[in-house]
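*Asks:* This is input_25.csv, which holds CSV, C-alpha atoms:
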chain,number,residue,atom,x,y,z
A,23,MET,CA,107.3,-114.3,240.6
A,24,LYS,CA,107.2,-117.6,238.6
A,25,THR,CA,104.3,-120.0,239.0
A,26,ALA,CA,104.6,-123.6,240.0
A,27,ARG,CA,102.1,-126.3,240.9
A,28,ILE,CA,102.8,-129.7,242.5
A,29,ILE,CA,100.6,-132.7,241.7
A,30,TYR,CA,101.4,-135.4,244.1
A,31,ASN,CA,100.1,-138.9,244.9
A,32,PRO,CA,99.6,-139.1,248.7
A,33,THR,CA,99.9,-142.9,248.6
A,34,SER,CA,103.1,-143.1,246.6
A,35,GLY,CA,106.0,-145.1,248.1
A,36,LYS,CA,105.9,-145.0,251.8
A,37,GLU,CA,103.9,-141.7,251.8
A,38,GLN,CA,107.0,-139.7,252.8
A,39,PHE,CA,106.3,-136.8,250.4
A,40,LYS,CA,103.1,-135.9,252.1
A,41,GLN,CA,104.9,-135.6,255.4
A,42,SER,CA,107.6,-133.3,253.8
A,43,LEU,CA,105.2,-131.1,252.0
A,44,ALA,CA,105.6,-127.9,254.1
A,45,LYS,CA,109.3,-128.0,253.7
A,46,VAL,CA,109.0,-128.7,250.0
A,47,LEU,CA,106.8,-125.6,249.6
A,48,GLN,CA,109.3,-123.5,251.5
A,49,LYS,CA,112.1,-124.6,249.1
A,50,PHE,CA,110.2,-123.5,246.0
A,51,GLU,CA,109.2,-120.2,247.7
A,52,GLU,CA,112.8,-119.5,248.5
A,53,ALA,CA,113.6,-120.2,244.8
A,54,GLY,CA,111.2,-117.5,243.7
A,55,PHE,CA,108.1,-119.6,242.9
A,56,ILE,CA,104.5,-119.0,243.9
A,57,THR,CA,103.5,-122.7,244.4
A,58,SER,CA,100.2,-124.4,244.7
A,59,THR,CA,99.4,-128.1,245.2
A,60,HIS,CA,97.0,-130.8,244.2
A,61,ALA,CA,96.8,-134.2,245.9
A,62,THR,CA,95.4,-136.9,243.6
A,63,THR,CA,92.3,-138.7,244.8
A,64,ALA,CA,91.5,-141.3,242.2
A,65,PRO,CA,92.9,-143.0,239.0
A,66,ASN,CA,93.3,-140.5,236.2
A,67,ASP,CA,92.9,-137.5,238.6
A,68,ALA,CA,96.5,-136.5,237.9
A,69,THR,CA,95.7,-136.3,234.1
A,70,LYS,CA,92.8,-133.9,234.8
A,71,ALA,CA,95.0,-131.9,237.2
A,72,ALA,CA,97.7,-131.5,234.5
A,73,VAL,CA,95.1,-130.2,232.0
A,74,ALA,CA,93.9,-127.7,234.6
A,75,ALA,CA,97.5,-126.6,235.2
A,76,CYS,CA,97.9,-125.8,231.5
A,77,GLU,CA,94.6,-123.8,231.6
A,78,MET,CA,95.9,-121.9,234.6
A,79,GLY,CA,99.1,-120.9,232.7
A,80,ILE,CA,101.4,-122.6,235.2
A,81,GLU,CA,105.0,-122.3,234.2
A,82,LEU,CA,106.5,-125.2,236.1
A,83,LEU,CA,104.5,-128.4,236.8
A,84,ILE,CA,106.0,-130.7,239.4
A,85,VAL,CA,104.8,-134.3,239.7
A,86,ALA,CA,105.7,-136.2,242.9
A,87,GLY,CA,104.9,-139.9,242.7
A,88,GLY,CA,105.9,-143.0,240.9
A,89,ASP,CA,105.9,-143.9,237.2
A,90,GLY,CA,102.2,-144.3,237.2
A,91,THR,CA,101.5,-140.7,238.4
A,92,VAL,CA,104.1,-139.3,236.1
A,93,SER,CA,102.5,-141.1,233.2
A,94,GLU,CA,99.0,-139.7,234.1
A,95,VAL,CA,100.4,-136.2,234.2
A,96,ILE,CA,102.0,-136.6,230.8
A,97,ASN,CA,98.7,-137.9,229.4
A,98,GLY,CA,97.2,-134.6,230.6
A,99,LEU,CA,100.0,-132.4,229.2
A,100,ALA,CA,99.7,-134.1,225.8
A,101,GLN,CA,96.2,-132.7,225.5
A,102,CYS,CA,97.5,-129.1,225.9
A,103,GLU,CA,98.6,-126.7,223.2
A,104,SER,CA,100.9,-124.8,225.5
A,105,ARG,CA,102.6,-126.9,228.1
A,106,PRO,CA,104.6,-126.0,231.3
A,107,THR,CA,108.0,-127.4,231.9
A,108,LEU,CA,107.9,-130.6,233.9
A,109,GLY,CA,109.8,-131.4,237.1
A,110,VAL,CA,109.8,-134.9,238.7
A,111,ILE,CA,110.2,-135.8,242.3
A,112,PRO,CA,110.4,-139.7,242.3
A,113,VAL,CA,108.7,-141.0,245.4
A,114,GLY,CA,106.9,-144.1,244.1
A,115,THR,CA,107.6,-147.7,244.5
A,116,VAL,CA,109.0,-147.9,241.0
A,117,ASN,CA,110.7,-144.8,239.5
A,118,ASP,CA,112.2,-146.1,236.3
A,119,TYR,CA,111.7,-142.8,234.4
A,120,ALA,CA,113.4,-140.7,237.0
A,121,LYS,CA,116.2,-143.3,237.2
A,122,ALA,CA,116.8,-143.1,233.5
A,123,LEU,CA,117.1,-139.3,233.8
A,124,HIS,CA,119.4,-139.6,236.8
A,125,ILE,CA,117.0,-137.7,239.1
A,126,SER,CA,117.7,-138.6,242.7
A,127,ASP,CA,115.1,-140.4,244.8
A,128,ASP,CA,115.9,-138.1,247.6
A,129,ILE,CA,113.1,-135.5,247.7
A,130,PHE,CA,115.3,-132.5,248.3
A,131,GLU,CA,118.0,-133.5,245.8
A,132,ALA,CA,115.3,-133.9,243.2
A,133,ILE,CA,114.0,-130.4,244.1
A,134,ASP,CA,117.6,-129.1,243.6
A,135,THR,CA,117.5,-130.6,240.1
A,136,ILE,CA,114.2,-128.9,239.3
A,137,ILE,CA,115.5,-125.5,240.6
A,138,ASN,CA,119.1,-125.6,239.4
A,139,GLY,CA,119.2,-128.2,236.6
A,140,VAL,CA,118.7,-127.7,232.9
A,141,THR,CA,115.7,-128.1,230.6
A,142,VAL,CA,115.8,-130.7,227.8
A,143,GLU,CA,113.2,-131.9,225.4
A,144,VAL,CA,112.3,-135.6,225.6
A,145,ASP,CA,110.4,-138.0,223.3
A,146,ILE,CA,107.2,-139.5,224.5
A,147,GLY,CA,105.1,-142.3,223.0
A,148,LYS,CA,101.5,-142.4,221.8
A,149,MET,CA,99.6,-145.7,221.8
A,150,ASN,CA,96.2,-145.4,220.1
A,151,ASP,CA,94.7,-142.5,222.1
A,152,LYS,CA,96.9,-142.8,225.2
A,153,TYR,CA,100.5,-141.5,225.9
A,154,PHE,CA,103.5,-143.0,227.7
A,155,MET,CA,106.8,-141.6,228.7
A,156,ASN,CA,108.9,-144.7,229.3
A,157,ILE,CA,107.5,-148.2,228.4
A,158,ALA,CA,104.7,-150.0,226.7
A,159,GLY,CA,104.5,-153.7,226.5
A,160,GLY,CA,102.4,-156.8,226.2
A,161,GLY,CA,102.6,-160.4,227.4
A,162,LYS,CA,101.5,-162.1,230.6
A,163,ILE,CA,104.7,-161.2,232.5
A,164,THR,CA,104.1,-157.4,232.0
A,165,GLU,CA,100.8,-157.7,234.0
A,166,VAL,CA,102.7,-158.0,237.3
A,167,SER,CA,103.3,-154.3,237.8
A,168,TYR,CA,99.6,-153.3,237.8
A,169,GLU,CA,98.3,-156.4,239.6
A,170,ALA,CA,100.1,-155.4,242.8
A,171,PRO,CA,97.7,-153.4,245.0
A,172,SER,CA,98.7,-149.8,245.7
A,173,ARG,CA,98.4,-150.2,249.5
A,174,LEU,CA,100.6,-153.3,249.4
A,175,LYS,CA,103.2,-151.4,247.3
A,176,ALA,CA,103.2,-148.5,249.8
A,177,ILE,CA,103.8,-150.8,252.8
A,178,ILE,CA,106.4,-153.3,251.5
A,179,GLY,CA,107.8,-151.4,248.4
A,180,PRO,CA,109.3,-153.4,245.5
A,181,LEU,CA,108.7,-156.7,247.3
A,182,ALA,CA,105.0,-156.2,246.3
A,183,TYR,CA,106.0,-156.9,242.6
A,184,TYR,CA,107.9,-160.1,243.5
A,185,VAL,CA,104.9,-161.4,245.5
A,186,LYS,CA,102.7,-161.0,242.5
A,187,GLY,CA,105.4,-162.3,240.2
A,188,ILE,CA,105.5,-165.6,242.0
A,189,GLU,CA,101.8,-166.0,241.6
A,190,PHE,CA,102.1,-165.4,237.8
A,191,LEU,CA,104.9,-167.8,237.0
A,192,PRO,CA,102.6,-170.8,236.1
A,193,GLN,CA,100.5,-168.5,233.8
A,194,ILE,CA,103.4,-167.2,231.6
A,195,THR,CA,102.9,-168.5,228.1
A,196,SER,CA,103.7,-167.4,224.6
A,197,SER,CA,101.3,-165.6,222.2
A,198,GLU,CA,101.2,-165.4,218.4
A,199,VAL,CA,101.6,-161.8,217.2
A,200,LYS,CA,102.3,-159.7,214.1
A,201,ILE,CA,104.5,-156.7,214.7
A,202,GLU,CA,105.0,-154.1,211.9
A,203,TYR,CA,107.7,-151.5,212.4
A,204,ASP,CA,108.8,-148.8,209.9
A,205,GLY,CA,107.8,-151.0,206.9
A,206,GLU,CA,109.2,-154.3,208.3
A,207,VAL,CA,107.3,-157.2,209.7
A,208,PHE,CA,107.8,-159.8,212.5
A,209,GLN,CA,105.4,-162.6,212.9
A,210,GLY,CA,105.6,-165.5,215.4
A,211,LYS,CA,105.3,-166.6,219.0
A,212,ILE,CA,106.6,-164.3,221.7
A,213,MET,CA,106.8,-164.3,225.5
A,214,LEU,CA,106.5,-160.5,225.5
A,215,PHE,CA,107.3,-157.3,223.6
A,216,LEU,CA,108.5,-154.0,225.1
A,217,ILE,CA,108.6,-150.6,223.5
A,218,GLY,CA,111.0,-148.3,225.4
A,219,LEU,CA,111.8,-144.7,225.3
A,220,THR,CA,114.7,-144.9,227.9
A,221,ASN,CA,117.2,-147.5,229.1
A,222,SER,CA,115.5,-148.0,232.5
A,223,ILE,CA,112.5,-150.4,232.3
A,224,GLY,CA,111.1,-152.7,234.9
A,225,GLY,CA,114.0,-152.1,237.3
A,226,PHE,CA,116.6,-152.9,234.7
A,227,ASP,CA,118.8,-150.0,233.7
A,228,LYS,CA,121.0,-151.6,231.0
A,229,LEU,CA,118.4,-152.5,228.4
A,230,VAL,CA,119.8,-150.2,225.7
A,231,GLU,CA,123.3,-149.5,224.7
A,232,ASP,CA,124.1,-145.7,224.4
A,233,PRO,CA,120.4,-144.6,224.9
A,234,VAL,CA,119.3,-141.3,223.4
A,235,PHE,CA,116.0,-139.8,224.7
A,236,ASP,CA,115.3,-137.2,221.9
A,237,ASN,CA,116.1,-139.0,218.6
A,238,GLY,CA,112.5,-139.9,217.7
A,239,TYR,CA,113.1,-143.7,217.9
A,240,PHE,CA,111.7,-146.4,220.2
A,241,SER,CA,113.7,-149.4,221.3
A,242,LEU,CA,111.5,-152.4,220.4
A,243,PHE,CA,112.4,-155.6,222.4
A,244,ILE,CA,110.9,-158.9,221.2
A,245,VAL,CA,111.4,-161.9,223.4
A,246,ARG,CA,110.7,-165.0,221.3
A,247,ASP,CA,108.9,-168.2,222.6
A,248,ALA,CA,111.1,-169.5,225.5
A,249,SER,CA,110.9,-171.8,228.5
A,250,LEU,CA,110.7,-170.3,231.9
A,251,VAL,CA,114.3,-171.4,232.5
A,252,GLU,CA,115.4,-169.6,229.3
A,253,LEU,CA,113.4,-166.6,230.3
A,254,ALA,CA,115.0,-166.5,233.8
A,255,HIS,CA,118.5,-166.7,232.3
A,256,LEU,CA,117.7,-163.9,229.9
A,257,MET,CA,116.5,-161.7,232.7
A,258,THR,CA,119.8,-162.4,234.5
A,259,LEU,CA,121.8,-161.3,231.5
A,260,VAL,CA,119.6,-158.2,231.1
A,261,SER,CA,120.5,-157.2,234.7
A,262,ARG,CA,124.2,-157.3,233.8
A,263,GLY,CA,123.8,-155.7,230.4
A,264,GLU,CA,125.0,-158.9,228.6
A,265,HIS,CA,121.8,-159.7,226.7
A,266,TYR,CA,122.3,-157.8,223.4
A,267,ASP,CA,123.2,-161.0,221.3
A,268,HIS,CA,120.8,-163.4,223.0
A,269,PRO,CA,119.1,-165.7,220.4
A,270,LYS,CA,115.7,-165.3,222.1
A,271,LEU,CA,115.9,-161.5,222.0
A,272,GLN,CA,115.5,-159.2,219.1
A,273,ILE,CA,116.2,-155.4,219.5
A,274,ILE,CA,115.0,-153.0,216.9
A,275,ARG,CA,115.0,-149.2,216.6
A,276,ALA,CA,111.7,-147.8,215.1
A,277,LYS,CA,109.6,-144.7,214.9
A,278,ASN,CA,106.2,-146.3,214.3
A,279,ILE,CA,105.1,-149.7,215.4
A,280,SER,CA,101.8,-151.7,215.2
A,281,VAL,CA,101.0,-154.9,217.1
A,282,GLU,CA,98.2,-157.3,216.7
A,283,SER,CA,97.5,-160.8,218.0
A,284,THR,CA,95.3,-163.8,217.1
A,285,ASN,CA,94.5,-163.7,220.8
A,286,ASP,CA,93.0,-160.2,221.2
A,287,SER,CA,92.8,-160.6,225.0
A,288,MET,CA,96.6,-159.8,225.3
A,289,GLN,CA,96.7,-157.0,227.8
A,290,LEU,CA,99.0,-154.0,227.4
A,291,ASN,CA,101.1,-152.3,230.0
A,292,LEU,CA,101.7,-148.6,229.8
A,293,ASP,CA,104.3,-147.2,232.2
A,294,GLY,CA,103.5,-149.9,234.7
A,295,GLU,CA,99.7,-149.6,234.6
A,296,TYR,CA,97.0,-151.4,232.6
A,297,GLY,CA,96.8,-149.9,229.1
A,298,GLY,CA,94.0,-151.9,227.4
A,299,LYS,CA,94.3,-154.7,224.9
A,300,LEU,CA,95.6,-155.4,221.4
A,301,PRO,CA,95.6,-154.3,218.6
A,302,ALA,CA,97.6,-151.2,219.1
A,303,LYS,CA,99.6,-148.6,217.1
A,304,PHE,CA,102.6,-146.8,218.6
A,305,GLU,CA,104.0,-143.5,217.5
A,306,ASN,CA,107.1,-141.7,218.7
A,307,LEU,CA,106.5,-138.0,219.4
A,308,GLN,CA,110.0,-136.5,219.1
A,309,ALA,CA,111.2,-133.9,221.6
A,310,PHE,CA,107.6,-133.4,222.7
A,311,LEU,CA,108.0,-132.4,226.3
A,312,SER,CA,110.3,-130.1,228.2
A,313,ILE,CA,111.6,-131.5,231.5
A,314,ARG,CA,114.2,-130.5,234.1
A,315,VAL,CA,117.2,-132.8,234.5
A,316,PRO,CA,120.7,-132.8,236.1
A,317,GLU,CA,123.3,-130.9,234.1
A,318,ALA,CA,125.3,-134.1,233.6
A,319,VAL,CA,122.5,-135.9,231.8
A,320,LYS,CA,122.2,-133.6,228.8
A,321,ASN,CA,125.4,-134.6,227.1
A,322,ALA,CA,124.9,-138.3,227.9
A,323,HIS,CA,121.4,-138.8,226.6
A,324,PHE,CA,120.3,-135.8,224.6
A,325,LYS,CA,121.6,-135.0,221.1
A,326,ARG,CA,118.9,-132.7,219.7
A,327,THR,CA,117.7,-129.5,221.4
A,328,ILE,CA,119.1,-128.3,224.7
A,329,GLN,CA,117.5,-125.4,226.3
A,330,SER,CA,118.8,-123.1,229.1
Turn the structure described in the file into structure tokens.

*Replies:*
Amino acid sequence: MKTARIIYNPTSGKEQFKQSLAKVLQKFEEAGFITSTHATTAPNDATKAAVAACEMGIELLIVAGGDGTVSEVINGLAQCESRPTLGVIPVGTVNDYAKALHISDDIFEAIDTIINGVTVEVDIGKMNDKYFMNIAGGGKITEVSYEAPSRLKAIIGPLAYYVKGIEFLPQITSSEVKIEYDGEVFQGKIMLFLIGLTNSIGGFDKLVEDPVFDNGYFSLFIVRDASLVELAHLMTLVSRGEHYDHPKLQIIRAKNISVESTNDSMQLNLDGEYGGKLPAKFENLQAFLSIRVPEAVKNAHFKRTIQS
């Protein structure tokens, strides 16, 4: 029989995965997997558990949680020479990565994708000595996602982010940065920058036109100095997919990016969690990770290597 291991965050979302665990294990057993579990207990515990899964020779590693837990697992897998295929069960407050891959937020529909879907190879990002699977960014507004307490997110869901967002509005200011990308340079004041690997970032799912997840390129978004009114208008356009020609927004495709600031206290966001401070270098690791996705996704977003 094949081996599988589930790493799950018992506090993710409204904690429904923990309540469904017995039935989840039954589903994988029926599909021919010998399945073990690991419940995370502290920050970065999922990273250690992923490394341990590699050392155990696990063939299929399933992560049940939100973007933060998935990111921790990927930081563990990136340290391994031989990596298991990844499956995702999105049960967090924010599941942008699973949304980009069209993985259902219903636990058992997500399990069906893991068992009956296809395996593709996705790009991931490396920032200094850390890794990310969906988004890196900087600027005061990006701090909202990791300032919301985990217990608050579990109880009231996405509203937790809006509660913190209201608190942050008076503090959102521009910063002077220098951004180098594939031999080009941008220098000036910005509200924020985002470096994306998919089209689903911060709850928005139309950031990128015709996104490809295995081409070795980041999508770099630079939001120039703007008033709060202009910023709010831009966010409205982003939600409708009408932002591509906005004068305050620059969208660039790049493989390698470095960012520095005259104010080295600018904090970085990696997959919705605190990622340190500038300066930072970003590298796209093309087709680095094997992951299970729905059959329909492979033709829409993957152009390179498709596995069985």

*Asks:* Can you pull out every residue within 10 Å of Pro65 (chain A), counting all atoms listed in the file, but drop anything in the same chain fewer than 3 positions away, and send it as a list in words?

*Replies:*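 What passes the distance filter is Thr62, Ala68, Thr69, Gly90, Thr91 and Glu94 of chain A.
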
*Asks:* In Å to one decimal, how far is CA of Ile137 (chain A) from CA of Ala64 (chain A)?

*Replies:*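 So the answer is 28.8 Å.
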
*Asks:* Between CA of Gln101 (chain A) and CA of Lys24 (chain A), what distance in Å does the model show, to one decimal?

*Replies:*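 Value for the CA of Gln101 (chain A)-CA of Lys24 (chain A) distance: 22.8 Å.
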
*Asks:* To one decimal place in Å, what is the distance between CA of Asp145 (chain A) and CA of Phe55 (chain A)?

*Replies:*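 Between CA of Asp145 (chain A) and CA of Phe55 (chain A) the gap is 27.0 Å.
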
*Asks:* Would you mind telling me which residue in A:Glu317, A:Asp118, A:Glu252, A:Asp67 lies nearest to Asn97 (chain A) when using all atoms listed in the file?

*Replies:*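 For Asn97 (chain A), the nearest of the given residues is A:Asp67.
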
*Asks:* Counting only C-alpha atoms, which residue out of A:Tyr30, A:Phe50, A:Phe240, A:Phe215 sits closest to Ala72 (chain A)?

*Replies:*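 Ranked by minimum distance to Ala72 (chain A), first place goes to A:Tyr30.
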
*Asks:* When distances are computed from all atoms listed in the file, which of A:Glu103, A:Pro32, A:Gly54, A:Gly205 shows the smallest separation from Gly87 (chain A)?

*Replies:*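 Under the stated criterion, the closest residue is A:Pro32.
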
*Asks:* Nearest residue to Leu229 (chain A) out of A:Arg262, A:Lys162, A:Lys211, A:Lys121, using all atoms listed in the file?

*Replies:* A:Arg262
